[in-house]
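Read the structure below first, then the notes.
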Protein chains: 4
Amino acid sequence: MASIGIGVIGLGRMGRVYATHVAAQASDARLVAVSDSRPEAMAAIAERSSSLKTYVNYHDLLADPDVQGVVVVTPTHTHREVVIAAAQAGKAIFCEKPTALTLHETDEMVAAVESAGVMFQVGFMRRFDHAYANAKKQVEAGAIGDPVVIRSIGRDPFRTSLEYANPAVSGGLILDMGIHDFDLLRWLMSDEVERVYTEVASLVYPELQDVGDVDNAMINVRFTRGGLGNVEVSRTAHYGYDIQCNVIGTKGALQIGYLQHTPVLTLTREGARHDVVPYFQERFGQAYTAQIEHFVECLRDGKQPSATHIDARAALQAAIAATISQHEGRIVNVADVK
Amino acid sequence: MASIGIGVIGLGRMGRVYATHVAAQASDARLVAVSDSRPEAMAAIAERSSSLKTYVNYHDLLADPDVQGVVVVTPTHTHREVVIAAAQAGKAIFCEKPTALTLHETDEMVAAVESAGVMFQVGFMRRFDHAYANAKKQVEAGAIGDPVVIRSIGRDPFRTSLEYANPAVSGGLILDMGIHDFDLLRWLMSDEVERVYTEVASLVYPELQDVGDVDNAMINVRFTRGGLGNVEVSRTAHYGYDIQCNVIGTKGALQIGYLQHTPVLTLTREGARHDVVPYFQERFGQAYTAQIEHFVECLRDGKQPSATHIDARAALQAAIAATISQHEGRIVNVADVK
Amino acid sequence: MASIGIGVIGLGRMGRVYATHVAAQASDARLVAVSDSRPEAMAAIAERSSSLKTYVNYHDLLADPDVQGVVVVTPTHTHREVVIAAAQAGKAIFCEKPTALTLHETDEMVAAVESAGVMFQVGFMRRFDHAYANAKKQVEAGAIGDPVVIRSIGRDPFRTSLEYANPAVSGGLILDMGIHDFDLLRWLMSDEVERVYTEVASLVYPELQDVGDVDNAMINVRFTRGGLGNVEVSRTAHYGYDIQCNVIGTKGALQIGYLQHTPVLTLTREGARHDVVPYFQERFGQAYTAQIEHFVECLRDGKQPSATHIDARAALQAAIAATISQHEGRIVNVADVK
Amino acid sequence: MASIGIGVIGLGRMGRVYATHVAAQASDARLVAVSDSRPEAMAAIAERSSSLKTYVNYHDLLADPDVQGVVVVTPTHTHREVVIAAAQAGKAIFCEKPTALTLHETDEMVAAVESAGVMFQVGFMRRFDHAYANAKKQVEAGAIGDPVVIRSIGRDPFRTSLEYANPAVSGGLILDMGIHDFDLLRWLMSDEVERVYTEVASLVYPELQDVGDVDNAMINVRFTRGGLGNVEVSRTAHYGYDIQCNVIGTKGALQIGYLQHTPVLTLTREGARHDVVPYFQERFGQAYTAQIEHFVECLRDGKQPSATHIDARAALQAAIAATISQHEGRIVNVADVK
């Protein structure tokens with residue numbers, strides 16, 4: 001069969017990552033077009049493929065009949081506009097997380113997607129990491145009985161730029177990073193978050209407070225069926241990129257994640273030493289590829305993707321609730337967030 | 001020098017453990033007397049040493065001039081009475097945790113100990129585990145910078161008896177098990193718990209609710225200097241005895257604990273398998289010995305023990321605050337607990 | 001700059017692997033042509049790229065001016081003929097290991113390569129695995145002092161086909177698998193193997209004896225500067241693909257390798273379980289890519305590759321010595337193998 | 001029942017270790033007497049127990065009717081004389097390994113033990129380590145099918161004194177350390193060593209050559225039923241005490257041993273670091289206790305110990321064969337060693 005034409009809108013850091021994954025990996029797809037308002041952002045990638053079409057205006061890419069699916073990697077605050085336009089153009093849509101910083105915008109995107117009847121996948125790439133995917137399979141197979149307690153930890157080794165940290169841009173620590181954890185909570189527990197309570201602090205980077213952000217958040221979670229959870233998001237893991245998840249079931253438990261990047265142990269009088277996963281590409285590179293392959297496969301076979309606009313909305317709602325708890329210092333019911 | 005005479009009051013399960021540790025291990029001490037209202041409880045241990053004195057009434061043991069220090073391992077609700085009597089008798093006191101189920105009782109014990117000027121050590125044995133002790137040393141040496149976030153997890157593989165689970169007897173899950181974690185939080189952070197929020201559930205043993213207890217608690221913690229913490233206590237770790245602690249500092253982190261009991265990895269087509277620490281004796285046997293050796297050493301050298309009545313009171317106050325949060329579903333300031 | 005044209009000769013299992021790596025990964029190279037005497041072997045890969053040239057006769061590929069470098073992945077017994085022709089055609093040559101089954105053939109290839117002055121790299125891909133590469137760096141940086149003892153273990157989870165196991169085809173267990181280990185010994189010790197003594201057995205697959213092969217070999221090694229080594233090669237690791245190396249130096253040691261494939265630990269009453277690396281693609285996929293990228297980079301920059309025809313010959317000589325020891329039951333000096 | 005009276009002969013470093021284990025641990029035994037030609041060697045231990053009898057002449061200890069079993073920890077070259085005297089005195093005998101440095105002496109001891117019909121246990125303490133004991137159980141339970149390949153590694157962090165290293169005193173590296181590995185090979189494979197080939201070197205401590213010893217030995221092993229093995233003994237593991245064993249069976253494998261002593265992982269920008277087992281007391285303390293408890297238990301119940309004089313002789317014979325191979329540079333058949 002002819003391979004599926006993919007267009008990438010937005011060639012910032014993550015846009016280039018996605019474009020490369022489409023070009024190099026996804027076997028049934030080909031990268032036919034890219035769009036970025038800054039022509040120079042498209043130059044490098046265009047150089048590598050003579051057949052690649054470049055559009056300064058993404059509406060032109062959406063009008064290209066060779067494009068069946070679009071990967072939206074523009075700044076978060078523009079997702080709404082681009083996704084609605086793509087839906088109206090009848091394109092299948094892959095949208096990087098978070099879909100938006102407000103439920104209202106997300107609801108508009110959801111409405112456009114549903115009325116257009118196009119496929120929509122959100123970039124919750126951890127679901128495609130071979131470890132998380134394996135854990136999900138084991139939970140579904142009953143390996144640990146019913147999952148009742150979950151702990152999801154996401155620690156970054158670096159502070160983001162103050163511009164990006166600004167909640168008006170990124171949504172702040174919890175929306176920006178924690179949304180992955182809230183998606184994992186819902187997915188691995190097959191349950192919804194009922195209420196949350198958040199404690200936050202700026203323990204290493206006080207300057208984050210000046211832009212309205214923090215460097216650590218500890219979120220206590222209760223699920224609607226009574227299960228318990230905890231989410232920790234941090235920008236202060238000086239030692240490396242530390243992503244862990246622990247699911248405790250009625251008959252056993254799962255521990256997901258690893259710290260060692262290079263399988264070499266160095267033994268000296270000072271003890272045994274190994275390195276630590278440096279950052280997200282080293283940990284989740286395979287997951288970025290796999291989620292795009294899943295997008296292409298669903299597009300090809302007319303299947304529903306595993307992370308839909310419904311999942312995007314639900315995770316966002318829980319993350320917003322945790323952010324309200326952060327700012328108002330109170331227990332927040334997720335259902336009360338409209 | 002002549003070795004120090006130790007008396008053990010209360011020969012239940014833990015009492016026998018302590019008596020054995022004193023008899024077999026502590027190099028400068030000798031077990032000279034035991035006391036239990038049930039003579040049969042003393043029979044087995046008396047058989048093994050002809051010189052051991054046995055007292056049905058612990059007041060007689062307290063009157064014995066050969067006894068310099070007493071190890072109080074009676075049921076928690078009797079600690080107050082025994083400790084006050086021991087203080088008045090001028091004996092150095094080692095008291096199993098928790099000192100009491102109420103701050104009021106503990107304050108009376110603290111007052112008696114201070115007015116008598118006797119040495120007092122509480123049974124926070126984890127401080128004497130070689131892993132926790134090593135972690136404390138590393139924190140003090142600045143190996144991870146300033147500790148800012150801490151996560152302490154204590155999971156038991158079994159449900160306690162419903163009689164014991166009764167909060168009137170054991171204080172409930174948080175006072176009974178979590179008090180160890182609250183002590184570790186204070187000790188490793190060198191800070192006090194400012195406020196807590198607790199979520200609880202009975203996820204595997206609904207029958208615990210009938211006696212007023214739960215099988216899981218997830219406690220969010222803020223420290224007075226702004227640090228964050230989380231305590232998880234559970235009776236539902238079917239896979240084994242899982243005690244972990246994670247301390248994140250401004251320059252690094254510590255992971256304390258282990259799961260594998262026997263260092264044998266079995267490799268088959270089904271994968272790699274190893275066993276898990278079954279229960280507390282296998283994990284902390286050495287710590288029970290070490291804390292009694294510390295007690296004897298402090299008694300011999302006139303030093304302050306590392307876990308005093310002050311530590312006992314502070315950990316209890318935080319654990320009570322978490323228990324109030326459990327029952328009232330609200331954020332509780334520790335200082336408000338009188 | 002224009003990317004470098006690569007041709008792949010031989011599209012068996014490994015040939016397809018290499019062709020895919022060239023096509024998908026090596027950034028400065030493009031796959032311009034493939035050759036295989038069986039047209040059907042070229043069909044699938046040709047389908048994926050309209051521009052790819054296919055040659056039933058490899059001499060036509062060697063005559064193609066768009067081809068600057070060739071990857072030779074034909075059956076081992078044909079390497080000599082193809083490599084000599086490629087050298088005479090002035091192409092840079094990447095040749096899969098082993099170069100040949102006899103020193104005589106290898107010497108002819110070495111002579112052709114040297115008289116033509118073309119670049120030659122042998123497929124010792126483990127040197128490009130990020131773990132082995134990191135270990136080499138650490139050894140060179142003096143992290144363990146001088147390396148003095150080395151142990152290299154290679155265990156396969158499956159028996160090869162009896163056709164392939166036939167020493168006339170594969171060279172037998174030691175030449176086929178152990179040659180990787182002998183290359184690592186020379187590379188990590190920066191020394192040559194002086195003598196070897198081999199014990200072998202057919203412990204699980206007695207049928208291997210009928211074709212003249214074995215399923216396990218244990219080889220004791222002495223180096224010319226006095227260091228000691230041991231090589232174990234096995235086809236009977238039912239549990240998975242187990243590749244390890246241990247280098248002991250005068251000031252420390254390195255342990256290279258890992259067993260767990262998916263970073264998920266499953267904890268139940270039966271203990272803790274994780275999976276095992278299933279086979280070589282999962283363990284060394286990255287290394288196959290990296291060695292081709294190294295080949296392209298050396299070709300582009302006119303550098304000597306890290307694994308040359310000299311290395312190919314030396315590792316083969318030591319592996320042949322170990323094979324003679326296997327058959328003659330005696331200690332064999334490597335230098336005596338002509 | 002009355003506890004069993006134990007006498008310890010020889011209070012060097014290991015003698016004091018055994019005496020302490022008997023005094024503190026073995027529940028059915030009591031340490032009634034010690035003997036050492038140097039009274040000062042007995043002073044410290046006598047101080048701690050008023051009832052302990054001390055004999056400068058071990059014959060007097062053997063004549064003591066309160067002594068039912070003796071622990072012989074005198075210098076190896078005196079084992080023969082003491083064991084024969086103990087056998088003639090009708091005492092049960094625990095003898096530290098190796099029983100002797102020659103088969104001839106061992107045969108005389110075996111004859112004396114058998115004619116006297118007394119119980120004899122040799123100090124192969126690794127059989128009592130909970131990891132090795134668990135591995136043996138798993139092998140017997142068929143967890144890995146039939147064991148076919150074994151690798152036993154023993155690495156010491158320190159050089160012994162040149163006095164002790166002298167083969168006339170300790171038997172040299174292989175007899176002194178490797179005898180443990182040869183016992184494990186026989187025990188875990190349930191087979192006998194047929195032939196050996198040894199390579200040795202003095203890679204870190206050239207001075208060992210002056211006294212006739214080496215610091216590393218690599219021994220290739222074949223078993224009578226065709227299985228393969230390898231033994232590595234070393235005095236140059238600067239990083240710590242590294243004792244490992246790997247048993248490969250027809251259906252799986254076992255990896256025995258561990259490196260980390262304190263379960264704390266320290267994570268910094270430099271990577272993750274943990275300590276290493278420093279020396280044998282930390283690794284095998286429990287095994288020393290367990291083997292004495294086994295001795296007492298067998299004595300009490302009239303059972304055969306698990307490591308008899310037969311095992312002592314067989315392991316010694318294999319170790320001597322490996323030592324001959326070391327000196328004569330040839331393959332040695334164990335059965336030829338008389």
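Residues are named by chain letter and number: chains run A, B, ... in the order of the structure tokens, numbers start at 1 in each chain, and ligands are numbered from 1 in the order shown.
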What are the residues of chain C lining chain B at 12 Å or less? Count only C-alpha atoms, and put the answer as an mmCIF file with N, CA and C atoms, in the first residue's frame.
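What follows is the written file part06.cif:
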data_model
loop_
_atom_site.group_PDB
_atom_site.id
_atom_site.type_symbol
_atom_site.label_atom_id
_atom_site.label_comp_id
_atom_site.auth_asym_id
_atom_site.auth_seq_id
_atom_site.Cartn_x
_atom_site.Cartn_y
_atom_site.Cartn_z
ATOM 1 N N PRO C 157 20.882 -17.970 23.670
ATOM 2 C CA PRO C 157 19.731 -18.714 24.191
ATOM 3 C C PRO C 157 19.293 -19.876 23.304
ATOM 4 N N PHE C 158 19.852 -19.943 22.097
ATOM 5 C CA PHE C 158 19.370 -20.951 21.145
ATOM 6 C C PHE C 158 20.522 -21.728 20.527
ATOM 7 N N THR C 236 23.770 -22.585 25.300
ATOM 8 C CA THR C 236 22.792 -23.258 26.165
ATOM 9 C C THR C 236 22.227 -22.364 27.266
ATOM 10 N N ALA C 237 22.203 -21.062 27.042
ATOM 11 C CA ALA C 237 21.645 -20.151 28.061
ATOM 12 C C ALA C 237 20.130 -20.062 27.853
ATOM 13 N N HIS C 238 19.417 -21.079 28.289
ATOM 14 C CA HIS C 238 17.962 -21.121 28.052
ATOM 15 C C HIS C 238 17.248 -19.870 28.526
ATOM 16 N N TYR C 239 17.859 -19.168 29.458
ATOM 17 C CA TYR C 239 17.167 -18.021 30.086
ATOM 18 C C TYR C 239 17.246 -16.757 29.246
ATOM 19 N N GLY C 240 18.174 -16.688 28.293
ATOM 20 C CA GLY C 240 18.253 -15.475 27.486
ATOM 21 C C GLY C 240 19.629 -15.256 26.909
ATOM 22 N N TYR C 241 19.847 -14.041 26.466
ATOM 23 C CA TYR C 241 21.084 -13.664 25.793
ATOM 24 C C TYR C 241 21.969 -12.967 26.830
ATOM 25 N N ASP C 242 23.021 -13.651 27.245
ATOM 26 C CA ASP C 242 23.810 -13.196 28.388
ATOM 27 C C ASP C 242 25.241 -12.895 27.952
ATOM 28 N N TYR C 258 24.340 -6.463 31.042
ATOM 29 C CA TYR C 258 23.114 -6.441 31.843
ATOM 30 C C TYR C 258 22.220 -7.581 31.391
ATOM 31 N N LEU C 259 21.259 -7.931 32.221
ATOM 32 C CA LEU C 259 20.376 -9.054 31.928
ATOM 33 C C LEU C 259 18.941 -8.612 31.714
ATOM 34 N N GLN C 260 18.519 -7.526 32.411
ATOM 35 C CA GLN C 260 17.111 -7.137 32.365
ATOM 36 C C GLN C 260 16.806 -6.347 31.099
ATOM 37 N N HIS C 261 15.775 -6.747 30.379
ATOM 38 C CA HIS C 261 15.430 -6.054 29.142
ATOM 39 C C HIS C 261 14.387 -4.963 29.401
ATOM 40 N N THR C 262 13.306 -5.297 30.081
ATOM 41 C CA THR C 262 12.252 -4.326 30.356
ATOM 42 C C THR C 262 12.350 -3.876 31.812
ATOM 43 N N VAL C 264 10.837 -3.297 34.410
ATOM 44 C CA VAL C 264 9.673 -3.493 35.274
ATOM 45 C C VAL C 264 9.983 -4.667 36.192
ATOM 46 N N LEU C 265 9.816 -4.451 37.489
ATOM 47 C CA LEU C 265 10.011 -5.521 38.466
ATOM 48 C C LEU C 265 8.631 -5.907 38.991
ATOM 49 N N THR C 266 8.298 -7.187 38.866
ATOM 50 C CA THR C 266 6.993 -7.672 39.317
ATOM 51 C C THR C 266 7.174 -8.395 40.641
ATOM 52 N N LEU C 267 6.489 -7.898 41.670
ATOM 53 C CA LEU C 267 6.648 -8.416 43.031
ATOM 54 C C LEU C 267 5.390 -9.147 43.460
ATOM 55 N N THR C 268 5.545 -10.431 43.781
ATOM 56 C CA THR C 268 4.406 -11.207 44.284
ATOM 57 C C THR C 268 4.905 -12.100 45.420
ATOM 58 N N ARG C 269 3.976 -12.899 45.978
ATOM 59 C CA ARG C 269 4.379 -13.828 47.052
ATOM 60 C C ARG C 269 5.497 -14.747 46.574
ATOM 61 N N GLU C 270 5.579 -14.970 45.242
ATOM 62 C CA GLU C 270 6.609 -15.880 44.696
ATOM 63 C C GLU C 270 7.971 -15.207 44.628
ATOM 64 N N GLY C 271 8.025 -13.906 44.901
ATOM 65 C CA GLY C 271 9.283 -13.181 44.849
ATOM 66 C C GLY C 271 9.233 -12.062 43.819
ATOM 67 N N ALA C 272 10.406 -11.545 43.462
ATOM 68 C CA ALA C 272 10.518 -10.461 42.485
ATOM 69 C C ALA C 272 10.996 -11.055 41.162
ATOM 70 N N ARG C 273 10.375 -10.625 40.074
ATOM 71 C CA ARG C 273 10.700 -11.195 38.773
ATOM 72 C C ARG C 273 10.876 -10.101 37.741
ATOM 73 N N HIS C 274 11.874 -10.239 36.877
ATOM 74 C CA HIS C 274 11.989 -9.338 35.723
ATOM 75 C C HIS C 274 12.387 -10.177 34.516
ATOM 76 N N ASP C 275 12.240 -9.609 33.336
ATOM 77 C CA ASP C 275 12.569 -10.377 32.145
ATOM 78 C C ASP C 275 14.075 -10.335 31.893
ATOM 79 N N VAL C 276 14.509 -11.028 30.846
ATOM 80 C CA VAL C 276 15.927 -11.132 30.495
ATOM 81 C C VAL C 276 16.064 -10.720 29.031
ATOM 82 N N VAL C 277 17.198 -10.132 28.692
ATOM 83 C CA VAL C 277 17.445 -9.757 27.295
ATOM 84 C C VAL C 277 17.212 -10.986 26.415
ATOM 85 N N PRO C 278 16.287 -10.920 25.458
ATOM 86 C CA PRO C 278 15.964 -12.115 24.672
ATOM 87 C C PRO C 278 17.046 -12.524 23.666
#
As a PDB file with N, CA and C atoms, in the first residue's frame, list the residues of region 115-187 of chain D assigned to strand (DSSP E) by DSSP on the backbone atoms of this structure.
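Result file is out_10.pdb:
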ATOM      1  N   PHE D 120      33.235 -36.056  62.094  1.00  0.00           N
ATOM      2  CA  PHE D 120      34.225 -35.100  61.596  1.00  0.00           C
ATOM      3  C   PHE D 120      33.561 -34.139  60.623  1.00  0.00           C
ATOM      4  N   GLN D 121      33.748 -32.856  60.879  1.00  0.00           N
ATOM      5  CA  GLN D 121      33.235 -31.835  59.957  1.00  0.00           C
ATOM      6  C   GLN D 121      34.374 -30.897  59.581  1.00  0.00           C
ATOM      7  N   VAL D 122      34.470 -30.572  58.297  1.00  0.00           N
ATOM      8  CA  VAL D 122      35.525 -29.664  57.846  1.00  0.00           C
ATOM      9  C   VAL D 122      34.908 -28.278  57.616  1.00  0.00           C
ATOM     10  N   PRO D 147      22.719 -29.290  36.410  1.00  0.00           N
ATOM     11  CA  PRO D 147      23.820 -28.325  36.342  1.00  0.00           C
ATOM     12  C   PRO D 147      24.913 -28.861  35.422  1.00  0.00           C
ATOM     13  N   VAL D 148      25.359 -28.056  34.464  1.00  0.00           N
ATOM     14  CA  VAL D 148      26.352 -28.534  33.498  1.00  0.00           C
ATOM     15  C   VAL D 148      27.607 -27.671  33.425  1.00  0.00           C
ATOM     16  N   VAL D 149      27.489 -26.409  33.800  1.00  0.00           N
ATOM     17  CA  VAL D 149      28.657 -25.521  33.786  1.00  0.00           C
ATOM     18  C   VAL D 149      28.658 -24.716  35.083  1.00  0.00           C
ATOM     19  N   ILE D 150      29.838 -24.557  35.685  1.00  0.00           N
ATOM     20  CA  ILE D 150      29.926 -23.783  36.923  1.00  0.00           C
ATOM     21  C   ILE D 150      31.160 -22.898  36.894  1.00  0.00           C
ATOM     22  N   ARG D 151      30.996 -21.717  37.463  1.00  0.00           N
ATOM     23  CA  ARG D 151      32.062 -20.738  37.506  1.00  0.00           C
ATOM     24  C   ARG D 151      32.098 -20.220  38.931  1.00  0.00           C
ATOM     25  N   SER D 152      33.220 -20.373  39.606  1.00  0.00           N
ATOM     26  CA  SER D 152      33.328 -19.928  40.993  1.00  0.00           C
ATOM     27  C   SER D 152      34.490 -18.952  41.111  1.00  0.00           C
ATOM     28  N   ILE D 153      34.190 -17.781  41.653  1.00  0.00           N
ATOM     29  CA  ILE D 153      35.171 -16.705  41.731  1.00  0.00           C
ATOM     30  C   ILE D 153      35.355 -16.290  43.179  1.00  0.00           C
ATOM     31  N   GLY D 154      36.613 -16.218  43.602  1.00  0.00           N
ATOM     32  CA  GLY D 154      36.918 -15.751  44.955  1.00  0.00           C
ATOM     33  C   GLY D 154      38.014 -14.706  44.896  1.00  0.00           C
ATOM     34  N   ARG D 155      37.661 -13.465  45.205  1.00  0.00           N
ATOM     35  CA  ARG D 155      38.635 -12.379  45.117  1.00  0.00           C
ATOM     36  C   ARG D 155      38.777 -11.701  46.461  1.00  0.00           C
TER      37      ARG D 155
END
**Q.** Polymer residues at most 7 Å from region 302-317 of chain B, only C-alpha atoms, same-chain spacing of 5 or more positions, as a list in words
**A.**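 Residues meeting the cut-off are Thr99, Leu103, Thr106, Val110, Phe120, Gln121, Val122, Phe124, Ile179, Phe182, Asp183, Phe295, Val334 and Val337 of chain B.
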Need the shell around Ser325 (chain B): protein/DNA/RNA residues with any atom at most 10 Å away, counting only C-alpha atoms. Skip same-chain ones fewer than 4 positions apart. Format as a ChimeraX atom specification?
/B:195-200,219,319-321,329-333
Hey, what's within 9 Å of region 74-77 of chain D if we count only C-alpha atoms and toss same-chain stuff fewer than 4 positions away? As a list in words, please?
Ile9, Gly10, Leu11, Gly12, Met14, Gly15, Asp36, Glu81, Val82, Cys95, Glu96, Lys97, Pro98, Thr99, Ala100, Leu101, Ala168, Val169 and Ser170 of chain D
Write the residues of the selection above to a file with N, CA, C and O atoms, as an mmCIF file, in the first residue's frame.
data_model
loop_
_atom_site.group_PDB
_atom_site.id
_atom_site.type_symbol
_atom_site.label_atom_id
_atom_site.label_comp_id
_atom_site.auth_asym_id
_atom_site.auth_seq_id
_atom_site.Cartn_x
_atom_site.Cartn_y
_atom_site.Cartn_z
ATOM 1 N N ILE D 9 40.444 -25.323 70.130
ATOM 2 C CA ILE D 9 41.900 -25.482 70.191
ATOM 3 C C ILE D 9 42.548 -24.562 69.162
ATOM 4 O O ILE D 9 42.316 -24.712 67.964
ATOM 5 N N GLY D 10 43.304 -23.603 69.674
ATOM 6 C CA GLY D 10 43.938 -22.628 68.779
ATOM 7 C C GLY D 10 43.173 -21.331 68.804
ATOM 8 O O GLY D 10 42.047 -21.279 68.339
ATOM 9 N N LEU D 11 43.758 -20.291 69.369
ATOM 10 C CA LEU D 11 43.057 -19.008 69.475
ATOM 11 C C LEU D 11 43.738 -17.912 68.673
ATOM 12 O O LEU D 11 43.964 -16.807 69.158
ATOM 13 N N GLY D 12 44.063 -18.247 67.437
ATOM 14 C CA GLY D 12 44.524 -17.201 66.530
ATOM 15 C C GLY D 12 43.321 -16.396 66.086
ATOM 16 O O GLY D 12 42.228 -16.500 66.662
ATOM 17 N N MET D 14 41.184 -16.715 63.595
ATOM 18 C CA MET D 14 39.980 -17.498 63.319
ATOM 19 C C MET D 14 39.512 -18.245 64.561
ATOM 20 O O MET D 14 38.315 -18.428 64.760
ATOM 21 N N GLY D 15 40.466 -18.637 65.410
ATOM 22 C CA GLY D 15 40.082 -19.345 66.627
ATOM 23 C C GLY D 15 39.211 -18.481 67.513
ATOM 24 O O GLY D 15 38.196 -18.935 68.059
ATOM 25 N N ASP D 36 45.421 -22.914 74.018
ATOM 26 C CA ASP D 36 46.405 -22.263 73.152
ATOM 27 C C ASP D 36 47.737 -22.284 73.898
ATOM 28 O O ASP D 36 47.776 -22.064 75.113
ATOM 29 N N GLU D 81 48.221 -33.737 63.664
ATOM 30 C CA GLU D 81 48.533 -34.205 65.019
ATOM 31 C C GLU D 81 47.341 -33.996 65.965
ATOM 32 O O GLU D 81 46.931 -34.915 66.692
ATOM 33 N N VAL D 82 46.745 -32.805 65.932
ATOM 34 C CA VAL D 82 45.650 -32.499 66.857
ATOM 35 C C VAL D 82 44.415 -33.347 66.541
ATOM 36 O O VAL D 82 43.783 -33.912 67.438
ATOM 37 N N CYS D 95 37.131 -29.346 62.087
ATOM 38 C CA CYS D 95 38.477 -28.908 61.718
ATOM 39 C C CYS D 95 38.410 -27.831 60.647
ATOM 40 O O CYS D 95 37.744 -28.001 59.620
ATOM 41 N N GLU D 96 39.080 -26.713 60.911
ATOM 42 C CA GLU D 96 39.127 -25.631 59.939
ATOM 43 C C GLU D 96 39.778 -26.136 58.653
ATOM 44 O O GLU D 96 40.583 -27.057 58.664
ATOM 45 N N LYS D 97 39.386 -25.530 57.515
ATOM 46 C CA LYS D 97 39.979 -25.918 56.239
ATOM 47 C C LYS D 97 41.315 -25.227 56.058
ATOM 48 O O LYS D 97 41.500 -24.157 56.639
ATOM 49 N N PRO D 98 42.255 -25.728 55.288
ATOM 50 C CA PRO D 98 42.240 -27.097 54.785
ATOM 51 C C PRO D 98 42.689 -28.066 55.878
ATOM 52 O O PRO D 98 43.412 -27.671 56.801
ATOM 53 N N THR D 99 42.241 -29.301 55.781
ATOM 54 C CA THR D 99 42.625 -30.288 56.803
ATOM 55 C C THR D 99 44.150 -30.404 56.869
ATOM 56 O O THR D 99 44.730 -30.519 57.947
ATOM 57 N N ALA D 100 44.771 -30.382 55.697
ATOM 58 C CA ALA D 100 46.238 -30.464 55.646
ATOM 59 C C ALA D 100 46.689 -29.986 54.283
ATOM 60 O O ALA D 100 45.866 -29.727 53.410
ATOM 61 N N LEU D 101 47.991 -29.885 54.109
ATOM 62 C CA LEU D 101 48.530 -29.430 52.824
ATOM 63 C C LEU D 101 48.899 -30.591 51.915
ATOM 64 O O LEU D 101 49.265 -30.389 50.768
ATOM 65 N N ALA D 168 54.684 -23.331 51.991
ATOM 66 C CA ALA D 168 54.967 -24.285 53.062
ATOM 67 C C ALA D 168 54.044 -24.034 54.254
ATOM 68 O O ALA D 168 53.759 -24.928 55.049
ATOM 69 N N VAL D 169 53.520 -22.812 54.385
ATOM 70 C CA VAL D 169 52.646 -22.462 55.512
ATOM 71 C C VAL D 169 51.168 -22.583 55.120
ATOM 72 O O VAL D 169 50.393 -23.273 55.769
ATOM 73 N N SER D 170 50.800 -21.908 54.020
ATOM 74 C CA SER D 170 49.371 -21.830 53.656
ATOM 75 C C SER D 170 49.002 -22.785 52.525
ATOM 76 O O SER D 170 47.818 -22.984 52.247
#
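Among B:Ala23, B:Ala322, B:Ala143, B:Val247, the residue with the shortest atom-to-atom distance to Val221 (chain B), counting only C-alpha atoms, is B:Ala322.
Atom pair CA of Val113 (chain B) / CA of Tyr288 (chain B): separated by 22.8 Å.
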task = Please run DSSP on the backbone and report, as a PyMOL selection string, all residues within region 120-290 of chain B that come out as alpha helix (DSSP H).
result = chain B and resi 130-140+162-165+167-170+172-173+179-189+207-210+280-290
inquiry  = Restricting the calculation to only C-alpha atoms: of B:Lys251, B:Ala165, B:Met109, B:Leu188, which residue gets closest to Lys137 (chain B)?
reply    =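 Among B:Lys251, B:Ala165, B:Met109, B:Leu188, it is B:Leu188 that comes nearest to Lys137 (chain B).
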For this session: Would you mind listing what lies within 10 Å of Gln286 (chain B) as a list in words, with only C-alpha atoms counted and same-chain residues fewer than 3 positions away left out?
Result: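 Once the adjacent positions are removed, what remains is His21, Met125, Arg126, Phe128, Asp129, His130, Gln281, Glu282, Arg283, Thr289, Ala290 and Gln291 of chain B.
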Shell of 7 Å around Val34 (chain D), only C-alpha atoms, local chain residues under 5 positions omitted, as a ChimeraX atom specification:
/D:7-9,53-55
